[in-house]
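Source file data_5.cif; content: mmCIF, C-alpha atoms.
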```cif
data_upload
loop_
_atom_site.group_PDB
_atom_site.id
_atom_site.type_symbol
_atom_site.label_atom_id
_atom_site.label_comp_id
_atom_site.auth_asym_id
_atom_site.auth_seq_id
_atom_site.Cartn_x
_atom_site.Cartn_y
_atom_site.Cartn_z
ATOM 1 C CA MET A 300 -12.363 21.360 35.403
ATOM 2 C CA GLY A 301 -9.491 20.227 37.564
ATOM 3 C CA SER A 302 -8.184 17.948 34.883
ATOM 4 C CA LEU A 303 -7.926 20.838 32.460
ATOM 5 C CA PHE A 304 -5.698 22.875 34.779
ATOM 6 C CA SER A 305 -3.662 19.884 35.837
ATOM 7 C CA LYS A 306 -2.338 19.239 32.337
ATOM 8 C CA LYS A 307 1.355 19.923 31.978
ATOM 9 C CA LYS A 308 2.789 21.880 29.142
ATOM 10 C CA GLU A 309 4.377 19.767 26.464
ATOM 11 C CA SER A 310 8.124 19.963 26.888
ATOM 12 C CA ARG A 311 10.239 21.068 23.963
ATOM 13 C CA ILE A 312 13.136 18.896 25.165
ATOM 14 C CA THR A 313 13.188 15.717 23.105
ATOM 15 C CA GLU A 314 14.638 12.348 24.014
ATOM 16 C CA GLN A 315 17.558 13.107 21.730
ATOM 17 C CA ASP A 316 18.261 16.304 23.684
ATOM 18 C CA LYS A 317 18.260 14.360 26.956
ATOM 19 C CA ALA A 318 20.616 11.762 25.503
ATOM 20 C CA ILE A 319 23.012 14.439 24.243
ATOM 21 C CA LEU A 320 22.959 16.179 27.614
ATOM 22 C CA GLN A 321 23.716 12.912 29.406
ATOM 23 C CA LEU A 322 26.584 12.130 27.063
ATOM 24 C CA LYS A 323 28.086 15.586 27.599
ATOM 25 C CA LYS A 324 27.913 15.115 31.368
ATOM 26 C CA GLN A 325 29.719 11.784 31.052
ATOM 27 C CA ARG A 326 32.278 13.409 28.773
ATOM 28 C CA ASP A 327 32.984 16.132 31.327
ATOM 29 C CA GLN A 328 33.323 13.551 34.120
ATOM 30 C CA LEU A 329 35.763 11.483 32.074
ATOM 31 C CA LYS A 330 37.816 14.577 31.270
ATOM 32 C CA GLN A 331 38.086 15.385 34.965
ATOM 33 C CA TYR A 332 39.036 11.787 35.722
ATOM 34 C CA SER A 333 41.645 11.825 32.951
ATOM 35 C CA LYS A 334 43.095 15.051 34.329
ATOM 36 C CA ARG A 335 43.391 13.520 37.819
ATOM 37 C CA ILE A 336 45.157 10.459 36.374
ATOM 38 C CA GLN A 337 47.635 12.626 34.488
ATOM 39 C CA LEU A 338 48.453 14.579 37.654
ATOM 40 C CA SER A 339 48.842 11.328 39.583
ATOM 41 C CA LEU A 340 51.157 9.925 36.908
ATOM 42 C CA GLU A 341 53.424 12.923 37.083
ATOM 43 C CA LYS A 342 53.430 12.788 40.856
ATOM 44 C CA ASP A 343 54.275 9.057 40.875
ATOM 45 C CA ARG A 344 57.090 9.586 38.391
ATOM 46 C CA GLN A 345 58.661 12.254 40.568
ATOM 47 C CA MET A 346 58.201 10.109 43.664
ATOM 48 C CA ALA A 347 59.856 7.110 41.942
ATOM 49 C CA LYS A 348 62.879 9.266 41.111
ATOM 50 C CA THR A 349 63.115 10.385 44.744
ATOM 51 C CA LEU A 350 62.913 6.796 46.016
ATOM 52 C CA LEU A 351 65.638 5.657 43.618
ATOM 53 C CA HIS A 352 67.790 8.549 44.710
ATOM 54 C CA SER A 353 67.386 7.493 48.341
ATOM 55 C CA GLY A 354 68.171 3.849 47.568
ATOM 56 C CA GLN A 355 64.625 2.478 47.955
ATOM 57 C CA LYS A 356 64.551 0.599 44.666
ATOM 58 C CA SER A 357 61.804 -1.877 45.612
ATOM 59 C CA ARG A 358 59.390 0.877 46.607
ATOM 60 C CA ALA A 359 60.245 2.774 43.416
ATOM 61 C CA LYS A 360 59.484 -0.370 41.393
ATOM 62 C CA LEU A 361 56.116 -0.786 43.135
ATOM 63 C CA LEU A 362 55.272 2.823 42.454
ATOM 64 C CA LEU A 363 56.150 2.416 38.790
ATOM 65 C CA LYS A 364 53.815 -0.625 38.573
ATOM 66 C CA LYS A 365 51.039 1.560 39.956
ATOM 67 C CA LYS A 366 51.945 4.228 37.416
ATOM 68 C CA ARG A 367 51.792 1.667 34.607
ATOM 69 C CA PHE A 368 48.316 0.555 35.692
ATOM 70 C CA GLN A 369 47.123 4.192 35.758
ATOM 71 C CA GLU A 370 48.524 4.738 32.277
ATOM 72 C CA GLN A 371 46.383 1.841 31.053
ATOM 73 C CA LEU A 372 43.361 3.428 32.750
ATOM 74 C CA LEU A 373 44.201 6.725 31.046
ATOM 75 C CA THR A 374 44.317 4.993 27.651
ATOM 76 C CA ARG A 375 40.947 3.363 28.247
ATOM 77 C CA THR A 376 39.526 6.694 29.468
ATOM 78 C CA GLU A 377 40.703 8.496 26.340
ATOM 79 C CA GLY A 378 39.108 5.768 24.194
ATOM 80 C CA MET A 379 35.807 6.203 26.027
ATOM 81 C CA LEU A 380 36.072 9.965 25.533
ATOM 82 C CA ASP A 381 36.530 9.485 21.804
ATOM 83 C CA ASN A 382 33.457 7.241 21.670
ATOM 84 C CA ILE A 383 31.343 9.715 23.627
ATOM 85 C CA GLU A 384 32.487 12.614 21.449
ATOM 86 C CA GLN A 385 31.620 10.650 18.306
ATOM 87 C CA MET A 386 28.207 9.602 19.641
ATOM 88 C CA THR A 387 27.418 13.173 20.711
ATOM 89 C CA HIS A 388 28.380 14.426 17.283
ATOM 90 C CA ASP A 389 26.247 11.756 15.593
ATOM 91 C CA LEU A 390 23.193 12.600 17.710
ATOM 92 C CA GLU A 391 23.538 16.343 17.080
ATOM 93 C CA PHE A 392 23.945 15.753 13.360
ATOM 94 C CA ALA A 393 20.911 13.452 13.396
ATOM 95 C CA GLN A 394 18.897 16.294 14.943
ATOM 96 C CA VAL A 395 20.017 18.613 12.160
ATOM 97 C CA GLU A 396 19.014 15.993 9.607
ATOM 98 C CA MET A 397 15.590 15.648 11.223
ATOM 99 C CA LYS A 398 15.058 19.413 11.045
ATOM 100 C CA VAL A 399 16.065 19.410 7.384
ATOM 101 C CA LEU A 400 13.714 16.504 6.679
ATOM 102 C CA ASP A 401 10.894 18.286 8.480
ATOM 103 C CA GLY A 402 11.546 21.383 6.372
ATOM 104 C CA LEU A 403 11.504 19.325 3.192
ATOM 105 C CA LYS A 404 8.297 17.643 4.312
ATOM 106 C CA ASP A 405 6.590 20.996 4.921
ATOM 107 C CA GLY A 406 7.895 22.304 1.601
ATOM 108 C CA ASN A 407 6.583 19.288 -0.282
ATOM 109 C CA ALA A 408 3.180 19.675 1.370
ATOM 110 C CA ALA A 409 3.019 23.358 0.411
ATOM 111 C CA LEU A 410 4.109 22.539 -3.141
ATOM 112 C CA LYS A 411 1.440 19.848 -3.412
ATOM 113 C CA LYS A 412 -1.227 22.329 -2.309
ATOM 114 C CA MET A 413 -0.080 24.769 -4.993
ATOM 115 C CA HIS A 414 -0.232 22.030 -7.614
ATOM 116 C CA ASP A 415 -3.727 21.118 -6.481
ATOM 117 C CA LEU A 416 -4.886 24.704 -7.018
ATOM 118 C CA VAL A 417 -4.029 24.632 -10.724
ATOM 119 C CA SER A 418 -4.635 21.517 -12.781
ATOM 120 C CA ILE A 419 -2.529 20.372 -15.723
ATOM 121 C CA ASP A 420 -5.406 21.108 -18.115
ATOM 122 C CA GLU A 421 -5.647 24.669 -16.816
ATOM 123 C CA ILE A 422 -1.913 25.204 -17.272
ATOM 124 C CA GLU A 423 -2.062 23.849 -20.834
ATOM 125 C CA ARG A 424 -5.018 26.131 -21.643
ATOM 126 C CA ILE A 425 -3.169 29.196 -20.324
ATOM 127 C CA MET A 426 -0.053 28.263 -22.269
ATOM 128 C CA ASP A 427 -2.067 27.770 -25.484
ATOM 129 C CA GLU A 428 -3.764 31.149 -25.075
ATOM 130 C CA THR A 429 -0.430 32.806 -24.430
ATOM 131 C CA GLN A 430 1.086 31.218 -27.536
ATOM 132 C CA GLU A 431 -1.894 32.299 -29.646
ATOM 133 C CA GLY A 432 -1.504 35.864 -28.388
ATOM 134 C CA ILE A 433 2.192 35.869 -29.238
ATOM 135 C CA GLU A 434 1.560 34.534 -32.761
ATOM 136 C CA LYS A 435 -1.233 37.068 -33.351
ATOM 137 C CA GLN A 436 0.983 39.949 -32.284
ATOM 138 C CA LYS A 437 3.740 38.677 -34.576
ATOM 139 C CA GLU A 438 1.338 38.675 -37.518
ATOM 140 C CA ILE A 439 0.355 42.270 -36.753
ATOM 141 C CA ASP A 440 4.011 43.331 -36.454
ATOM 142 C CA ASP A 441 4.825 41.657 -39.763
ATOM 143 C CA LEU A 442 1.940 43.436 -41.512
ATOM 144 C CA LEU A 443 2.955 46.809 -40.127
ATOM 145 C CA SER A 444 6.678 46.539 -40.729
ATOM 146 C CA GLY A 445 8.136 44.093 -43.172
ATOM 147 C CA GLN A 446 5.335 42.957 -45.519
ATOM 148 C CA LEU A 447 4.712 46.189 -47.566
ATOM 149 C CA THR A 448 5.892 46.459 -51.189
ATOM 150 C CA SER A 449 7.587 49.539 -52.685
ATOM 151 C CA GLU A 450 4.266 50.584 -54.250
ATOM 152 C CA ASP A 451 2.619 50.350 -50.841
ATOM 153 C CA GLU A 452 5.368 52.513 -49.384
ATOM 154 C CA ASP A 453 4.893 55.157 -52.115
ATOM 155 C CA ALA A 454 1.144 55.188 -51.528
ATOM 156 C CA VAL A 455 1.652 55.659 -47.794
ATOM 157 C CA LEU A 456 4.064 58.569 -48.400
ATOM 158 C CA ALA A 457 1.647 60.198 -50.887
ATOM 159 C CA GLU A 458 -1.214 59.929 -48.413
ATOM 160 C CA LEU A 459 0.985 61.431 -45.716
ATOM 161 C CA ASP A 460 1.915 64.385 -47.969
ATOM 162 C CA ALA A 461 -1.768 64.977 -48.767
ATOM 163 C CA LEU A 462 -2.642 65.050 -45.091
ATOM 164 C CA VAL A 463 0.155 67.548 -44.402
ATOM 165 C CA ALA A 464 -0.979 69.811 -47.292
ATOM 166 C CA ALA A 465 -4.591 69.724 -46.100
ATOM 167 C CA GLU A 466 -3.473 70.630 -42.600
ATOM 168 C CA ASP A 467 -1.445 73.615 -43.903
ATOM 169 C CA ALA A 468 -4.364 74.826 -46.053
ATOM 170 C CA GLU A 469 -6.770 74.624 -43.134
ATOM 171 C CA ARG A 470 -4.380 76.615 -40.941
ATOM 172 C CA GLU A 471 -3.944 79.339 -43.614
ATOM 173 C CA ALA A 472 -7.719 79.634 -44.102
ATOM 174 C CA LYS A 473 -8.152 80.619 -40.484
ATOM 175 C CA LEU A 474 -5.765 83.648 -40.771
ATOM 176 C CA PRO A 475 -7.333 87.186 -41.554
ATOM 177 C CA ASP A 476 -6.809 88.784 -45.048
ATOM 178 C CA VAL A 477 -4.163 91.522 -45.404
ATOM 179 C CA PRO A 478 -5.750 94.872 -46.718
ATOM 180 C CA ALA A 479 -4.577 95.881 -50.219
ATOM 181 C CA GLU A 480 -5.169 99.736 -49.830
ATOM 182 C CA PRO A 481 -2.927 101.946 -47.662
ATOM 183 C CA LEU A 482 -4.306 103.010 -44.296
ATOM 184 C CA PRO A 483 -5.617 106.730 -43.998
ATOM 185 C CA GLU A 484 -3.405 109.335 -42.356
ATOM 186 C CA PRO A 485 -4.485 110.366 -38.840
ATOM 187 C CA GLU A 486 -6.201 113.840 -38.586
ATOM 188 C CA PRO A 487 -4.618 116.540 -36.376
ATOM 189 C CA GLU A 488 -6.272 117.056 -33.036
ATOM 190 C CA ALA A 489 -8.463 120.222 -32.656
ATOM 191 C CA GLU A 490 -7.097 122.884 -30.353
ATOM 192 C CA PRO A 491 -9.175 124.041 -27.369
ATOM 193 C CA ALA A 492 -11.356 127.112 -27.886
ATOM 194 C CA ALA A 493 -9.649 129.087 -25.104
ATOM 195 C CA GLU A 494 -6.297 128.835 -26.867
ATOM 196 C CA GLN A 495 -7.479 130.344 -30.215
ATOM 197 C CA PRO A 496 -8.185 134.031 -29.043
ATOM 198 C CA LYS A 497 -4.938 134.066 -27.148
ATOM 199 C CA ARG A 498 -3.004 133.044 -30.260
ATOM 200 C CA GLU A 499 -4.834 135.702 -32.349
ATOM 201 C CA ARG A 500 -3.937 138.454 -29.814
ATOM 202 C CA ASN A 501 -0.326 137.446 -29.883
ATOM 203 C CA SER A 502 -0.287 137.683 -33.682
ATOM 204 C CA GLU A 503 -1.830 141.191 -33.575
ATOM 205 C CA LYS A 504 0.867 142.408 -31.185
ATOM 206 C CA VAL A 505 3.529 141.203 -33.511
ATOM 207 C CA ALA A 506 1.933 143.072 -36.477
ATOM 208 C CA LEU A 507 1.989 146.568 -34.698
ATOM 209 C CA PRO A 508 4.778 148.989 -35.892
ATOM 210 C CA ALA A 509 7.622 149.836 -33.505
#
```

Give the structure from this file in C-alpha cells form.
Amino acid sequence: MGSLFSKKKESRITEQDKAILQLKKQRDQLKQYSKRIQLSLEKDRQMAKTLLHSGQKSRAKLLLKKKRFQEQLLTRTEGMLDNIEQMTHDLEFAQVEMKVLDGLKDGNAALKKMHDLVSIDEIERIMDETQEGIEKQKEIDDLLSGQLTSEDEDAVLAELDALVAAEDAEREAKLPDVPAEPLPEPEPEAEPAAEQPKRERNSEKVALPA
C-alpha cells in the first residue's frame, strides 16, 4: 500500500526542456558579464584620458593594456552568446519537429485503422454497384427523353388529349340538368280573415250618397 502512495507523478518537463532552461540561464549570465565588461571598458578609456592629461603616460598605457585584454574577453563572450543562442534555437526547433512527428504518427495510425475497417474488395464492390446504378439511371433517362420517334410523340399527345376529354366528360356528367320549362309564377298570399270585413265596411261607406 505504501508503495502505491509513494509513487511520484511523472513530470512533463523533458530532458530537452531542462537543457533549454540551462542554456537560457547561461545566456543571461553571459549577457550580464558582457554588460559589465562594456561598462569597465568605457570607464578605463575615460581613466586613460585623465591619466594622459595629468602626465601619467605609463599608467595610462598599463590601463589601455587592461582595456585591450577586456575587449578580447568581450569578443569571446559575444561568440559564446552566439553559440548558446543558436543551440537554444536548435533545441526548441527540434522540440517542434518532435511534436509534428508525433502528430503525423498519430494521424498515420488513425488512417491505418480506417483502412482496416474497409477492405479494397469492399471498396471495389461499392464502386461497381454505384457505377451500375448510374448506368441504369442513364438508360431510364434516355428512354424517357431522347429515344422516342415522332410517331411515338404523336401517340403520347393523342393519349393525353383522350385523357383530358374523358376527364371533362366525367366532370360534366356530375352537374344537374337545366329545366327546359319556365318556372310557375308565385301565388299571392291570402289575407287574414279579420282584415276582410273591415275592407268591406270601408267600401260600403264610400258607396253611400252625400

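Here CA of Arg358 (chain A) and CA of Glu377 (chain A) stand 28.6 Å from one another.
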
Run the PyMOL selection byres ((chain A and resi 370-375) around 12) mentally over the shown coordinates, then write out the matched residues as a tab-separated table (two decimals) with C-alpha atoms, in the frame of the given file, using the chain letters and numbers from the document.
```tsv
chain	number	residue	atom	x	y	z
A	329	LEU	CA	35.76	11.48	32.07
A	330	LYS	CA	37.82	14.58	31.27
A	331	GLN	CA	38.09	15.38	34.97
A	332	TYR	CA	39.04	11.79	35.72
A	333	SER	CA	41.64	11.82	32.95
A	334	LYS	CA	43.10	15.05	34.33
A	335	ARG	CA	43.39	13.52	37.82
A	336	ILE	CA	45.16	10.46	36.37
A	337	GLN	CA	47.64	12.63	34.49
A	338	LEU	CA	48.45	14.58	37.65
A	339	SER	CA	48.84	11.33	39.58
A	340	LEU	CA	51.16	9.93	36.91
A	341	GLU	CA	53.42	12.92	37.08
A	343	ASP	CA	54.28	9.06	40.88
A	344	ARG	CA	57.09	9.59	38.39
A	363	LEU	CA	56.15	2.42	38.79
A	364	LYS	CA	53.82	-0.62	38.57
A	365	LYS	CA	51.04	1.56	39.96
A	366	LYS	CA	51.94	4.23	37.42
A	367	ARG	CA	51.79	1.67	34.61
A	368	PHE	CA	48.32	0.56	35.69
A	369	GLN	CA	47.12	4.19	35.76
A	376	THR	CA	39.53	6.69	29.47
A	377	GLU	CA	40.70	8.50	26.34
A	378	GLY	CA	39.11	5.77	24.19
A	379	MET	CA	35.81	6.20	26.03
A	380	LEU	CA	36.07	9.96	25.53
A	381	ASP	CA	36.53	9.48	21.80
A	382	ASN	CA	33.46	7.24	21.67
```

Using all atoms listed in the file, what table do you get, as JSON lines, when you list each residue of region 369-398 of chain A with an atom no more than 7 Å from region 312-327 of chain A, its nearest pair of atoms, and their distance in Å rounded to one decimal, rows by chain then rising number?
```
{"residue": "A:Leu380", "atom": "CA", "partner": "A:Arg326", "partner_atom": "CA", "distance": 6.1}
{"residue": "A:Ile383", "atom": "CA", "partner": "A:Leu322", "partner_atom": "CA", "distance": 6.3}
{"residue": "A:Thr387", "atom": "CA", "partner": "A:Ile319", "partner_atom": "CA", "distance": 5.8}
{"residue": "A:Leu390", "atom": "CA", "partner": "A:Ile319", "partner_atom": "CA", "distance": 6.8}
```

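CA of Ala409 (chain A) sits 25.8 Å away from CA of Phe392 (chain A).
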
(request) In Å, rounded to a single decimal, give me how far CA of Ser449 (chain A) is from CA of Ile433 (chain A). (result) 27.7 Å
